[in-house]
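Coordinates as given in structure_39.csv (CSV, C-alpha atoms):
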```csv
chain,number,residue,atom,x,y,z
A,17,MET,CA,14.7,-11.6,20.3
A,18,PRO,CA,14.0,-8.4,22.3
A,19,GLU,CA,12.4,-8.5,25.6
A,20,PRO,CA,8.6,-8.2,25.4
A,21,LEU,CA,7.4,-4.6,26.0
A,22,PRO,CA,5.0,-4.2,28.9
A,23,ARG,CA,2.0,-2.8,27.1
A,24,THR,CA,-0.9,-4.3,25.1
A,25,VAL,CA,-1.5,-4.2,21.4
A,26,HIS,CA,-5.2,-4.4,20.5
A,27,TRP,CA,-5.5,-5.7,16.9
A,28,VAL,CA,-9.0,-5.0,15.7
A,29,GLY,CA,-10.2,-7.0,12.7
A,30,THR,CA,-9.8,-10.5,11.4
A,31,GLY,CA,-10.2,-10.0,7.6
A,32,LEU,CA,-8.1,-11.2,4.7
A,33,SER,CA,-5.3,-8.7,5.4
A,34,THR,CA,-4.5,-10.1,8.8
A,35,GLY,CA,-1.6,-12.4,8.2
A,36,ARG,CA,1.6,-13.6,9.8
A,37,GLY,CA,2.4,-10.1,11.0
A,38,LEU,CA,0.0,-10.7,13.9
A,39,LYS,CA,2.0,-13.8,14.9
A,40,VAL,CA,5.3,-11.9,14.6
A,41,LEU,CA,3.9,-9.2,16.9
A,42,THR,CA,3.2,-11.7,19.7
A,43,GLY,CA,7.0,-12.2,20.0
A,44,THR,CA,7.5,-8.4,20.6
A,45,ALA,CA,4.6,-7.2,22.6
A,46,SER,CA,4.0,-8.6,26.1
A,47,ARG,CA,0.3,-8.9,25.3
A,48,VAL,CA,-1.7,-9.0,22.1
A,49,VAL,CA,-5.5,-9.1,22.0
A,50,LEU,CA,-7.3,-9.9,18.7
A,51,TRP,CA,-10.8,-8.4,18.4
A,52,GLY,CA,-13.1,-10.0,15.9
A,53,ARG,CA,-16.8,-9.8,15.0
A,54,THR,CA,-17.2,-12.7,17.4
A,55,ALA,CA,-14.8,-14.4,19.8
A,56,ALA,CA,-15.1,-17.6,17.7
A,57,ARG,CA,-14.0,-15.7,14.6
A,58,ALA,CA,-11.1,-14.2,16.4
A,59,ARG,CA,-10.0,-17.7,17.6
A,60,GLU,CA,-10.3,-19.0,14.0
A,61,CYS,CA,-8.0,-16.1,12.8
A,62,LEU,CA,-5.5,-16.9,15.5
A,63,ASP,CA,-5.4,-20.5,14.4
A,64,ARG,CA,-5.0,-19.4,10.8
A,65,VAL,CA,-2.0,-17.3,11.5
A,66,GLY,CA,-0.4,-19.7,14.0
A,67,ALA,CA,-0.9,-17.4,17.0
A,68,THR,CA,-3.2,-19.7,19.1
A,69,GLY,CA,-2.0,-19.5,22.7
A,70,SER,CA,0.1,-16.4,22.0
A,71,ALA,CA,-2.7,-13.9,21.8
A,72,GLU,CA,-6.2,-13.5,23.4
A,73,ALA,CA,-9.4,-13.5,21.4
A,74,ARG,CA,-12.3,-11.1,22.1
A,75,ALA,CA,-15.6,-10.2,20.5
A,76,PHE,CA,-15.4,-6.6,19.3
A,77,ASP,CA,-17.7,-3.8,20.4
A,78,ARG,CA,-16.5,-0.3,21.1
A,79,GLU,CA,-17.6,-0.2,24.7
A,80,THR,CA,-15.8,-3.3,25.7
A,81,LEU,CA,-12.6,-2.3,23.8
A,82,ALA,CA,-12.7,1.2,25.5
A,83,ARG,CA,-12.8,-0.5,28.9
A,84,GLU,CA,-9.8,-2.7,28.1
A,85,VAL,CA,-7.5,-0.1,26.4
A,86,SER,CA,-5.0,1.4,28.9
A,87,PRO,CA,-2.7,4.4,28.5
A,88,GLY,CA,0.4,3.6,26.4
A,89,ASP,CA,-1.4,0.7,24.6
A,90,VAL,CA,-1.5,0.5,20.8
A,91,VAL,CA,-4.8,0.1,18.9
A,92,VAL,CA,-4.3,-1.4,15.4
A,93,SER,CA,-7.3,-0.9,13.1
A,94,MET,CA,-7.8,-3.5,10.4
A,95,LEU,CA,-11.4,-2.4,9.9
A,96,PRO,CA,-12.6,-0.6,6.8
A,97,GLY,CA,-11.2,2.9,6.3
A,98,THR,CA,-14.5,4.4,7.4
A,99,GLU,CA,-14.0,3.0,10.9
A,100,HIS,CA,-10.5,4.3,11.5
A,101,ALA,CA,-11.5,7.8,12.7
A,102,GLY,CA,-13.8,6.4,15.4
A,103,LEU,CA,-11.1,4.0,16.7
A,104,LEU,CA,-8.6,6.8,16.7
A,105,ARG,CA,-10.9,8.9,18.9
A,106,LEU,CA,-11.3,6.0,21.2
A,107,SER,CA,-7.6,5.5,21.4
A,108,LEU,CA,-6.9,9.1,22.2
A,109,ASP,CA,-9.6,9.2,24.8
A,110,ARG,CA,-7.9,6.3,26.5
A,111,GLY,CA,-4.3,7.7,26.1
A,112,ALA,CA,-3.4,5.0,23.6
A,113,HIS,CA,-1.4,5.1,20.3
A,114,PHE,CA,-3.1,4.2,17.0
A,115,ALA,CA,-2.0,2.4,13.8
A,116,CYS,CA,-3.5,1.5,10.5
A,117,SER,CA,-2.4,0.6,7.0
A,118,SER,CA,-4.7,3.0,5.2
A,119,TYR,CA,-4.2,6.4,3.6
A,120,VAL,CA,-4.5,9.5,5.8
A,121,SER,CA,-7.9,11.1,5.8
A,122,ASP,CA,-8.8,14.6,7.0
A,123,GLU,CA,-10.3,13.1,10.1
A,124,ILE,CA,-7.1,11.1,10.9
A,125,ARG,CA,-4.9,14.1,10.2
A,126,ALA,CA,-7.0,16.2,12.7
A,127,GLY,CA,-6.8,13.4,15.3
A,128,ALA,CA,-3.0,13.2,14.8
A,129,GLU,CA,-2.7,16.8,15.8
A,130,ARG,CA,-4.5,16.0,19.0
A,131,ALA,CA,-2.3,13.0,19.5
A,132,ALA,CA,0.9,15.1,19.0
A,133,ALA,CA,-0.2,17.4,21.8
A,134,ALA,CA,-0.7,14.4,24.1
A,135,GLY,CA,2.6,12.8,23.2
A,136,LEU,CA,0.9,9.9,21.3
A,137,SER,CA,1.9,8.4,17.9
A,138,VAL,CA,-0.5,7.9,15.0
A,139,LEU,CA,0.9,5.5,12.4
A,140,THR,CA,-0.8,5.4,9.0
A,141,GLU,CA,0.1,4.1,5.5
A,142,ALA,CA,2.0,1.2,7.0
A,143,GLY,CA,0.9,-1.7,4.8
A,144,LEU,CA,1.9,-2.7,1.3
A,145,ASP,CA,0.8,0.3,-0.8
A,146,PRO,CA,0.7,2.6,1.0
A,147,GLY,CA,3.5,1.4,3.2
A,148,ILE,CA,6.3,-0.7,1.8
A,149,ASP,CA,6.3,1.6,-1.3
A,150,HIS,CA,7.1,4.6,1.1
A,151,LEU,CA,10.1,2.7,2.5
A,152,PHE,CA,11.5,2.0,-1.0
A,153,ALA,CA,11.0,5.7,-1.9
A,154,ASP,CA,12.7,7.0,1.2
A,155,LEU,CA,15.7,4.8,0.6
A,156,LEU,CA,16.0,5.7,-3.1
A,157,VAL,CA,15.8,9.4,-2.5
A,158,ASP,CA,18.4,9.1,0.2
A,159,LYS,CA,20.8,7.1,-2.0
A,160,ALA,CA,20.4,9.6,-4.9
A,161,ARG,CA,21.0,12.6,-2.6
A,162,LYS,CA,24.1,11.0,-1.2
A,163,ALA,CA,25.4,10.1,-4.7
A,164,LEU,CA,24.6,13.4,-6.5
A,165,GLY,CA,24.0,15.9,-3.7
A,166,ASP,CA,20.9,18.0,-3.5
A,167,THR,CA,22.0,21.5,-4.3
A,168,LEU,CA,22.8,21.2,-8.0
A,169,ARG,CA,20.0,21.4,-10.6
A,170,ALA,CA,18.9,18.0,-11.9
A,171,THR,CA,16.1,16.2,-13.8
A,172,ALA,CA,14.4,13.3,-12.0
A,173,SER,CA,11.9,10.6,-12.8
A,174,PHE,CA,10.1,8.7,-10.1
A,175,THR,CA,7.6,5.9,-10.5
A,176,SER,CA,5.9,3.6,-8.0
A,177,TYR,CA,3.6,0.8,-9.2
A,178,CYS,CA,2.0,-1.9,-7.1
A,179,GLY,CA,-0.6,-4.6,-7.8
A,180,GLY,CA,-2.2,-7.7,-6.5
A,181,VAL,CA,-2.7,-10.1,-9.5
A,182,PRO,CA,-3.5,-13.8,-10.0
A,183,ALA,CA,-0.4,-16.0,-9.8
A,184,GLU,CA,-1.9,-18.0,-12.6
A,185,PRO,CA,-3.2,-15.5,-15.2
A,186,ASN,CA,-6.9,-15.9,-16.0
A,187,GLU,CA,-9.0,-14.5,-18.9
A,188,PHE,CA,-10.2,-11.6,-16.7
A,189,ARG,CA,-6.5,-10.8,-15.9
A,190,TYR,CA,-7.4,-10.1,-12.3
A,191,ARG,CA,-8.1,-11.7,-8.9
A,192,PHE,CA,-10.2,-9.8,-6.4
A,193,SER,CA,-8.1,-9.5,-3.3
A,194,TRP,CA,-10.6,-7.0,-1.8
A,195,ALA,CA,-14.3,-6.1,-2.3
A,196,PRO,CA,-15.2,-5.7,-6.0
A,197,ARG,CA,-17.3,-2.6,-5.1
A,198,GLY,CA,-14.1,-1.0,-3.8
A,199,VAL,CA,-12.1,-1.9,-6.9
A,200,LEU,CA,-14.7,-0.3,-9.2
A,201,THR,CA,-15.1,2.8,-7.0
A,202,ALA,CA,-11.3,3.3,-7.1
A,203,LEU,CA,-11.5,3.3,-10.9
A,204,ARG,CA,-13.8,6.3,-10.7
A,205,ALA,CA,-11.4,8.4,-8.6
A,206,PRO,CA,-9.3,11.0,-10.5
A,207,ALA,CA,-5.5,10.7,-10.4
A,208,ARG,CA,-3.0,13.6,-10.3
A,209,TYR,CA,0.6,13.0,-11.3
A,210,VAL,CA,3.5,14.5,-13.3
A,211,GLU,CA,4.3,13.4,-16.8
A,212,GLU,CA,6.7,15.0,-19.4
A,213,GLY,CA,7.4,17.7,-16.8
A,214,THR,CA,3.7,18.7,-16.6
A,215,GLU,CA,1.2,18.2,-13.8
A,216,ARG,CA,-1.7,16.1,-15.2
A,217,LEU,CA,-5.2,15.0,-14.0
A,218,ALA,CA,-6.8,11.8,-15.3
A,219,GLU,CA,-10.5,11.9,-14.5
A,220,LEU,CA,-10.7,8.2,-15.3
A,221,PRO,CA,-7.2,6.7,-14.6
A,222,TRP,CA,-7.5,3.6,-16.7
A,223,GLU,CA,-7.7,5.9,-19.8
A,224,VAL,CA,-4.0,6.6,-19.5
A,225,THR,CA,-2.9,3.0,-19.0
A,226,ARG,CA,0.5,2.2,-20.4
A,227,SER,CA,2.8,-0.8,-20.7
A,228,LEU,CA,5.7,-1.4,-18.4
A,229,ARG,CA,8.4,-4.1,-18.7
A,230,LEU,CA,9.9,-5.6,-15.5
A,231,GLY,CA,12.6,-8.2,-16.2
A,232,GLU,CA,11.1,-10.5,-18.8
A,233,GLU,CA,7.5,-9.7,-18.1
A,234,GLU,CA,5.1,-7.1,-19.5
A,235,PHE,CA,2.5,-5.4,-17.3
A,236,GLU,CA,0.0,-2.5,-17.6
A,237,VAL,CA,0.1,0.5,-15.2
A,238,TYR,CA,-1.9,3.6,-14.6
A,239,PRO,CA,-1.8,6.4,-12.0
A,240,ASN,CA,-3.7,6.2,-8.8
A,241,ARG,CA,-5.0,8.9,-6.4
A,242,ASP,CA,-3.0,12.1,-5.9
A,243,SER,CA,0.7,11.5,-6.3
A,244,LEU,CA,1.9,15.1,-5.7
A,245,PRO,CA,1.7,15.3,-1.9
A,246,TYR,CA,4.4,12.6,-1.8
A,247,VAL,CA,7.0,14.8,-3.5
A,248,SER,CA,7.6,16.6,-0.2
A,249,ARG,CA,6.9,13.4,1.9
A,250,TYR,CA,9.8,11.7,0.1
A,251,GLY,CA,12.2,14.6,0.5
A,252,ILE,CA,12.6,15.3,-3.2
A,253,PRO,CA,15.0,18.3,-3.3
A,254,ALA,CA,13.6,21.6,-4.7
A,255,GLU,CA,16.5,21.7,-7.2
A,256,TRP,CA,15.3,18.6,-8.9
A,257,HIS,CA,13.0,19.2,-11.8
A,258,LEU,CA,10.5,16.4,-12.0
A,259,GLU,CA,10.0,15.1,-15.5
A,260,GLU,CA,7.9,12.2,-14.1
A,261,PHE,CA,6.3,11.5,-10.7
A,262,VAL,CA,3.7,8.8,-10.6
A,263,ARG,CA,2.3,6.5,-7.9
A,264,GLY,CA,0.1,4.0,-9.5
A,265,THR,CA,-1.4,0.6,-10.0
A,266,LEU,CA,0.0,-2.5,-11.8
A,267,ARG,CA,-2.1,-5.0,-13.7
A,268,LEU,CA,-1.3,-8.0,-15.8
A,269,ASP,CA,-0.7,-7.5,-19.5
A,270,GLY,CA,-4.0,-7.6,-21.3
A,271,TRP,CA,-6.0,-6.2,-18.4
A,272,LEU,CA,-7.1,-3.1,-20.4
A,273,SER,CA,-8.7,-5.2,-23.1
A,274,ALA,CA,-10.2,-7.8,-20.8
A,275,TRP,CA,-12.0,-5.1,-18.7
A,276,ALA,CA,-13.4,-3.1,-21.7
A,277,ASP,CA,-17.0,-4.0,-20.8
A,278,VAL,CA,-16.4,-3.2,-17.1
A,279,PHE,CA,-15.0,0.3,-18.1
A,280,ALA,CA,-18.1,1.0,-20.2
A,281,GLU,CA,-20.3,0.3,-17.2
A,282,VAL,CA,-18.1,2.3,-14.8
A,283,ARG,CA,-18.0,5.2,-17.1
A,284,SER,CA,-21.8,5.5,-17.6
A,285,GLY,CA,-23.3,3.6,-14.6
A,286,ASP,CA,-24.8,5.2,-11.5
A,287,ASP,CA,-24.0,4.0,-8.0
A,288,ASP,CA,-26.8,1.4,-8.1
A,289,ARG,CA,-25.5,0.0,-11.3
A,290,ILE,CA,-21.9,-0.1,-10.1
A,291,THR,CA,-23.1,-2.0,-7.0
A,292,ALA,CA,-24.9,-4.5,-9.2
A,293,LEU,CA,-21.9,-4.9,-11.4
A,294,ALA,CA,-19.7,-5.6,-8.4
A,295,ARG,CA,-22.0,-8.4,-7.3
A,296,ASP,CA,-22.0,-9.8,-10.8
A,297,LEU,CA,-18.2,-9.8,-11.1
A,298,ALA,CA,-17.9,-11.4,-7.7
A,299,ALA,CA,-20.2,-14.2,-8.9
A,300,ARG,CA,-18.5,-14.6,-12.3
A,301,TYR,CA,-14.9,-14.5,-11.0
A,302,PRO,CA,-15.0,-16.1,-7.5
A,303,THR,CA,-11.8,-16.6,-5.5
A,304,THR,CA,-11.4,-20.3,-4.6
A,305,GLU,CA,-9.2,-22.1,-2.0
A,306,ALA,CA,-7.0,-23.2,-4.9
A,307,ASP,CA,-6.3,-19.7,-6.1
A,308,ARG,CA,-2.9,-18.1,-5.3
A,309,ASP,CA,-2.3,-14.4,-5.4
A,310,ARG,CA,0.8,-12.5,-6.5
A,311,VAL,CA,2.0,-9.1,-5.2
A,312,ILE,CA,4.3,-7.0,-7.3
A,313,LEU,CA,5.8,-3.7,-6.2
A,314,ALA,CA,8.3,-1.7,-8.3
A,315,VAL,CA,9.6,1.7,-7.2
A,316,ALA,CA,12.3,3.4,-9.3
A,317,LEU,CA,14.1,6.7,-9.3
A,318,SER,CA,16.5,8.1,-11.8
A,319,VAL,CA,18.3,11.5,-11.6
A,320,ALA,CA,20.5,13.3,-14.1
A,321,ARG,CA,22.4,16.4,-13.0
A,322,GLU,CA,23.1,19.3,-15.4
A,323,ASP,CA,26.8,18.4,-15.4
A,324,GLY,CA,26.1,15.0,-16.8
A,325,GLU,CA,26.3,12.9,-13.6
A,326,ARG,CA,23.6,10.3,-13.4
A,327,TRP,CA,22.2,7.9,-10.8
A,328,SER,CA,19.3,5.4,-10.9
A,329,GLY,CA,18.0,2.7,-8.6
A,330,GLU,CA,15.0,0.5,-8.2
A,331,TYR,CA,13.5,-1.7,-5.4
A,332,ARG,CA,11.2,-4.6,-6.3
A,333,LEU,CA,9.0,-6.9,-4.3
A,334,ASP,CA,7.6,-10.0,-6.0
A,335,LEU,CA,5.7,-12.6,-3.8
A,336,THR,CA,3.3,-15.4,-4.5
A,337,GLY,CA,0.9,-16.6,-1.8
A,338,ASP,CA,0.8,-20.2,-0.6
A,339,PRO,CA,-1.9,-22.5,0.9
A,340,ALA,CA,-1.2,-21.1,4.4
A,341,GLU,CA,-1.2,-17.4,3.6
A,342,SER,CA,-1.9,-15.0,0.8
A,343,ALA,CA,0.8,-12.7,-0.5
A,344,MET,CA,-1.4,-9.7,0.2
A,345,SER,CA,-2.0,-10.6,3.9
A,346,ARG,CA,1.7,-11.0,4.5
A,347,CYS,CA,2.7,-7.8,2.8
A,348,VAL,CA,0.1,-5.8,4.6
A,349,SER,CA,0.3,-7.3,8.1
A,350,VAL,CA,4.1,-7.7,8.6
A,351,PRO,CA,5.0,-4.0,8.1
A,352,LEU,CA,2.0,-2.9,10.1
A,353,ALA,CA,2.9,-5.2,13.0
A,354,PHE,CA,6.5,-3.9,12.9
A,355,GLY,CA,5.2,-0.4,13.0
A,356,ALA,CA,3.1,-1.2,16.1
A,357,ALA,CA,6.3,-2.6,17.7
A,358,GLU,CA,8.2,0.6,16.8
A,359,ILE,CA,5.5,2.6,18.7
A,360,LEU,CA,5.9,0.4,21.7
A,361,ALA,CA,9.7,0.9,21.6
A,362,GLY,CA,9.3,4.7,21.4
A,363,ALA,CA,10.9,4.7,17.9
A,364,LEU,CA,8.1,6.8,16.2
A,365,PRO,CA,7.6,10.4,17.1
A,366,PRO,CA,4.3,11.8,18.5
A,367,GLY,CA,1.7,12.8,15.9
A,368,LEU,CA,1.3,11.7,12.4
A,369,ASN,CA,3.6,9.1,10.8
A,370,GLN,CA,3.3,7.7,7.3
A,371,ALA,CA,5.3,4.5,7.5
A,372,ALA,CA,8.9,5.0,8.7
A,373,PRO,CA,10.0,8.5,9.6
A,374,ASP,CA,13.3,8.6,7.7
A,375,ALA,CA,15.6,6.5,5.5
A,376,ALA,CA,17.6,5.0,8.5
A,377,ALA,CA,14.3,3.7,10.0
A,378,ALA,CA,13.2,2.5,6.6
A,379,SER,CA,16.3,0.4,6.3
A,380,ARG,CA,15.5,-1.2,9.6
A,381,TRP,CA,11.9,-1.9,8.5
A,382,LEU,CA,13.2,-3.6,5.3
A,383,ASP,CA,15.5,-5.8,7.3
A,384,HIS,CA,12.5,-6.9,9.4
A,385,LEU,CA,10.4,-7.6,6.3
A,386,ARG,CA,13.1,-9.7,4.7
A,387,GLU,CA,13.4,-11.7,8.0
A,388,ASN,CA,9.7,-12.4,7.9
A,389,GLY,CA,9.2,-13.8,4.4
A,390,ILE,CA,8.9,-10.7,2.2
A,391,PRO,CA,11.5,-10.9,-0.7
A,392,ILE,CA,13.0,-7.5,-1.6
A,393,SER,CA,15.6,-6.9,-4.3
A,394,TYR,CA,17.5,-3.8,-5.2
A,395,HIS,CA,18.9,-2.8,-8.7
A,396,ASP,CA,21.3,0.0,-9.3
A,397,ASN,CA,20.5,0.2,-12.9
A,398,PRO,CA,17.0,-1.0,-13.5
A,399,HIS,CA,16.0,-2.1,-17.0
A,400,ARG,CA,12.6,-0.7,-17.6
A,401,ARG,CA,10.9,0.0,-20.9
A,402,ARG,CA,7.6,1.3,-22.0
A,403,ASP,CA,6.9,-0.2,-25.4
A,404,ALA,CA,5.2,1.3,-28.4
A,405,ARG,CA,1.9,-0.5,-27.5
A,406,GLY,CA,1.8,1.4,-24.2
A,407,ALA,CA,2.3,4.7,-26.0
A,408,SER,CA,-0.3,3.7,-28.6
A,409,SER,CA,-2.8,2.8,-25.9
A,410,ARG,CA,-2.3,6.2,-24.3
A,411,GLU,CA,-2.8,8.1,-27.5
A,412,GLU,CA,-5.9,6.1,-28.5
A,413,GLN,CA,-7.5,6.8,-25.1
A,414,ARG,CA,-6.8,10.5,-25.4
A,415,ALA,CA,-8.1,10.7,-29.0
```
For this file, produce the structure as structure tokens.
Amino acid sequence: MPEPLPRTVHWVGTGLSTGRGLKVLTGTASRVVLWGRTAARARECLDRVGATGSAEARAFDRETLAREVSPGDVVVSMLPGTEHAGLLRLSLDRGAHFACSSYVSDEIRAGAERAAAAGLSVLTEAGLDPGIDHLFADLLVDKARKALGDTLRATASFTSYCGGVPAEPNEFRYRFSWAPRGVLTALRAPARYVEEGTERLAELPWEVTRSLRLGEEEFEVYPNRDSLPYVSRYGIPAEWHLEEFVRGTLRLDGWLSAWADVFAEVRSGDDDRITALARDLAARYPTTEADRDRVILAVALSVAREDGERWSGEYRLDLTGDPAESAMSRCVSVPLAFGAAEILAGALPPGLNQAAPDAAAASRWLDHLRENGIPISYHDNPHRRRDARGASSREEQRA
């Protein structure tokens, strides 16, 4: 184990995504402080993740945190995304680095420019999705470029699907691993992606749900957010014509039918009605102590050169939670904690970082994930099939 690094990591937030990564971090950083809504809640969280005695517990307020943060420290935000920009400003004012697992916002991007000028690192998209999916993509593109080169014309297909689902399927075909209001809001966000060589925009992403087979199981998938900025982020060569490029969400088979009434409300409801629906769903489908979640992530790339040479590869992650820890909390907290340790070690450049900076670093991150209970498999020739029902669903939705 490396020698502890002489700076403090301030982990802000004790919610469901704070898992064993916090405990792992205590073995790397010389000092870890967990900030919760109250000191008691922070202590409960430390006990839950097995870090009692290894980290300090504090009651969070911005003024107290600002007094304790020193130059060179790392502030990790596990608060809702709306709070990240404020914590980033606090970090920069105190000469500290910043890390979170969320997508980059305009405010975070602007703050990262200020951080770069000050020699400080801002780590984002370092959880599960976004996060581990970026690591898989970086490695796949690197393998394909090494196998086929990147100066000859080729056709490429890239897909990345991730989902948190119930380990034991229920009639609703879903388990809320985050706030129901957030889940419903995400369904109303348009998705931009590439299909059949054409850029597409799905105003209501579930309307283009299709089937996907992984191994012996059938799932349903649909695009999520804006995939296109990641073409350059992943280093896709300009000579590769993208027949398909999708980052999306994975659900259990049967989800589209089970959620028909929900979609009708989301399509026609105003914000007040969506809020009421979220409360109703939380009451009708509560998460209990006996429930176990399952996280599935599948990222695949296939490339065919004009001269007939082909390459394909796929990374998969499939993890079920246990009584001590949910799969989601492990998959979010472990990569984020490793990213914080990378900042302490000087391994991340100043300015904006979206997970690992390159394929070599991504490989190092994956080694760490495997060592800390995240199962990852690699397949040279993935067997993936979209069945006729998926195509039919897509055509019915478009009709």
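Atom CA of A:Arg47 is found 19.3 Å from atom CA of A:Leu106.
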Show which residues sit within 6 Å of stretch 50-65 of chain A, as number ranges by chain. Count all atoms listed in the file, and ignore same-chain residues fewer than 6 positions away. A: 27-30, 35-36, 73-76
Smallest atom-to-atom distance to A:Phe114: which of A:Ala274, A:Leu136, A:Leu95, A:Ile392, using all atoms listed in the file?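 Smallest separation from A:Phe114 among the options: A:Leu136.
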Leaving out A:Gln370 and any residue of its chain fewer than 6 positions from it, which residues lie within 7 Å of it when counting all atoms listed in the file, given as a ChimeraX atom specification? /A:139-142
So that I can see what lies close to stretch 362-364 of chain A, please list as number ranges by chain the residues with an atom at most 9 Å from it, counting only C-alpha atoms and leaving out residues fewer than 6 positions away in the same chain. A: 137-139, 355, 372-373, 377
Which residues come within 6 Å of stretch 331-344 of chain A, counting only C-alpha atoms, excluding same-chain residues fewer than 4 positions away, as a list in words? Arg308, Asp309, Arg310, Val311, Ile312, Leu313, Ala314, Val315, Pro391, Ile392, Ser393 and Tyr394 of chain A
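Here the question is which of A:Ala160, A:Leu268, A:Ala131, A:Ala195 gets nearest to A:Ala299 using only C-alpha atoms, and that residue is A:Ala195.
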Find the residues around A:Asp288 up to 12 Å (all atoms listed in the file counted), leave out those fewer than 6 positions away in its own chain, and share them as an NGL selection string. :A and (197 or 201 or 281-282 or 294-295)
Using all atoms listed in the file, which of A:Ala207, A:Leu104, A:Met94, A:Leu272 sits nearest A:Tyr190? A:Leu272
Counting only C-alpha atoms, note down every residue that has an atom within 9 Å of the point (-11.6, -13.3, -8.1) (file coordinates), as a list in words. Pro182, Phe188, Tyr190, Arg191, Phe192, Ser193, Trp194, Pro196, Leu297, Ala298, Ala299, Arg300, Tyr301, Pro302, Thr303, Thr304 and Asp307 of chain A
Atoms to include: C-alpha atoms. Write the selected residues as a PDB file, in the coordinates of the input.
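So out_10.pdb came out as:
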```
ATOM      1  CA  PRO A 182      -3.500 -13.800 -10.000  1.00  0.00           C
ATOM      2  CA  PHE A 188     -10.200 -11.600 -16.700  1.00  0.00           C
ATOM      3  CA  TYR A 190      -7.400 -10.100 -12.300  1.00  0.00           C
ATOM      4  CA  ARG A 191      -8.100 -11.700  -8.900  1.00  0.00           C
ATOM      5  CA  PHE A 192     -10.200  -9.800  -6.400  1.00  0.00           C
ATOM      6  CA  SER A 193      -8.100  -9.500  -3.300  1.00  0.00           C
ATOM      7  CA  TRP A 194     -10.600  -7.000  -1.800  1.00  0.00           C
ATOM      8  CA  PRO A 196     -15.200  -5.700  -6.000  1.00  0.00           C
ATOM      9  CA  LEU A 297     -18.200  -9.800 -11.100  1.00  0.00           C
ATOM     10  CA  ALA A 298     -17.900 -11.400  -7.700  1.00  0.00           C
ATOM     11  CA  ALA A 299     -20.200 -14.200  -8.900  1.00  0.00           C
ATOM     12  CA  ARG A 300     -18.500 -14.600 -12.300  1.00  0.00           C
ATOM     13  CA  TYR A 301     -14.900 -14.500 -11.000  1.00  0.00           C
ATOM     14  CA  PRO A 302     -15.000 -16.100  -7.500  1.00  0.00           C
ATOM     15  CA  THR A 303     -11.800 -16.600  -5.500  1.00  0.00           C
ATOM     16  CA  THR A 304     -11.400 -20.300  -4.600  1.00  0.00           C
ATOM     17  CA  ASP A 307      -6.300 -19.700  -6.100  1.00  0.00           C
TER      18      ASP A 307
END
```
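Here atom CA of A:Val157 and atom CA of A:Asp122 stand 26.9 Å from one another.
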What does the structure give for the distance between atom CA of A:Arg267 and atom CA of A:His395, in Å to one decimal? 21.7 Å
Which residue is closest to A:His150? Choose from A:Arg241, A:Arg249, A:Arg125, A:Arg283 and count only C-alpha atoms. A:Arg249
Residue nearest A:Leu244 among A:Arg216, A:Lys162, A:Arg229, A:Arg23 (counting all atoms listed in the file): A:Arg216
Looking at A:Asp286, A:Asp269, A:Glu305, A:Glu387, which one is nearest to A:Val181, with distances taken over all atoms listed in the file? A:Asp269
Would you list the residues near (7.5, 15.4, -8.4), meaning any protein, DNA or RNA residue with an atom at most 7 Å from that point in file coordinates, counting only C-alpha atoms, as a list in words?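 The residues that fall inside the cut-off are Val210, Leu244, Val247, Leu258, Glu260 and Phe261 of chain A.
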Any chance you could model N, CA and C atoms for stretch 167-176 of chain A and send them as an mmCIF file, in the coordinates of the input?
```
data_model
loop_
_atom_site.group_PDB
_atom_site.id
_atom_site.type_symbol
_atom_site.label_atom_id
_atom_site.label_comp_id
_atom_site.auth_asym_id
_atom_site.auth_seq_id
_atom_site.Cartn_x
_atom_site.Cartn_y
_atom_site.Cartn_z
ATOM 1 N N THR A 167 22.000 20.090 -4.075
ATOM 2 C CA THR A 167 22.000 21.500 -4.300
ATOM 3 C C THR A 167 22.266 21.923 -5.733
ATOM 4 N N LEU A 168 22.575 20.962 -6.604
ATOM 5 C CA LEU A 168 22.800 21.200 -8.000
ATOM 6 C C LEU A 168 21.479 20.891 -8.776
ATOM 7 N N ARG A 169 21.191 21.626 -9.823
ATOM 8 C CA ARG A 169 20.000 21.400 -10.600
ATOM 9 C C ARG A 169 20.073 20.017 -11.289
ATOM 10 N N ALA A 170 18.939 19.321 -11.325
ATOM 11 C CA ALA A 170 18.900 18.000 -11.900
ATOM 12 C C ALA A 170 17.482 17.729 -12.423
ATOM 13 N N THR A 171 17.368 16.724 -13.283
ATOM 14 C CA THR A 171 16.100 16.200 -13.800
ATOM 15 C C THR A 171 15.854 14.853 -13.186
ATOM 16 N N ALA A 172 14.654 14.616 -12.654
ATOM 17 C CA ALA A 172 14.400 13.300 -12.000
ATOM 18 C C ALA A 172 13.108 12.713 -12.493
ATOM 19 N N SER A 173 13.104 11.384 -12.449
ATOM 20 C CA SER A 173 11.900 10.600 -12.800
ATOM 21 C C SER A 173 11.679 9.594 -11.699
ATOM 22 N N PHE A 174 10.469 9.604 -11.138
ATOM 23 C CA PHE A 174 10.100 8.700 -10.100
ATOM 24 C C PHE A 174 8.809 7.973 -10.423
ATOM 25 N N THR A 175 8.817 6.644 -10.297
ATOM 26 C CA THR A 175 7.600 5.900 -10.500
ATOM 27 C C THR A 175 7.474 4.810 -9.420
ATOM 28 N N SER A 176 6.239 4.568 -9.007
ATOM 29 C CA SER A 176 5.900 3.600 -8.000
ATOM 30 C C SER A 176 4.667 2.845 -8.408
#
```
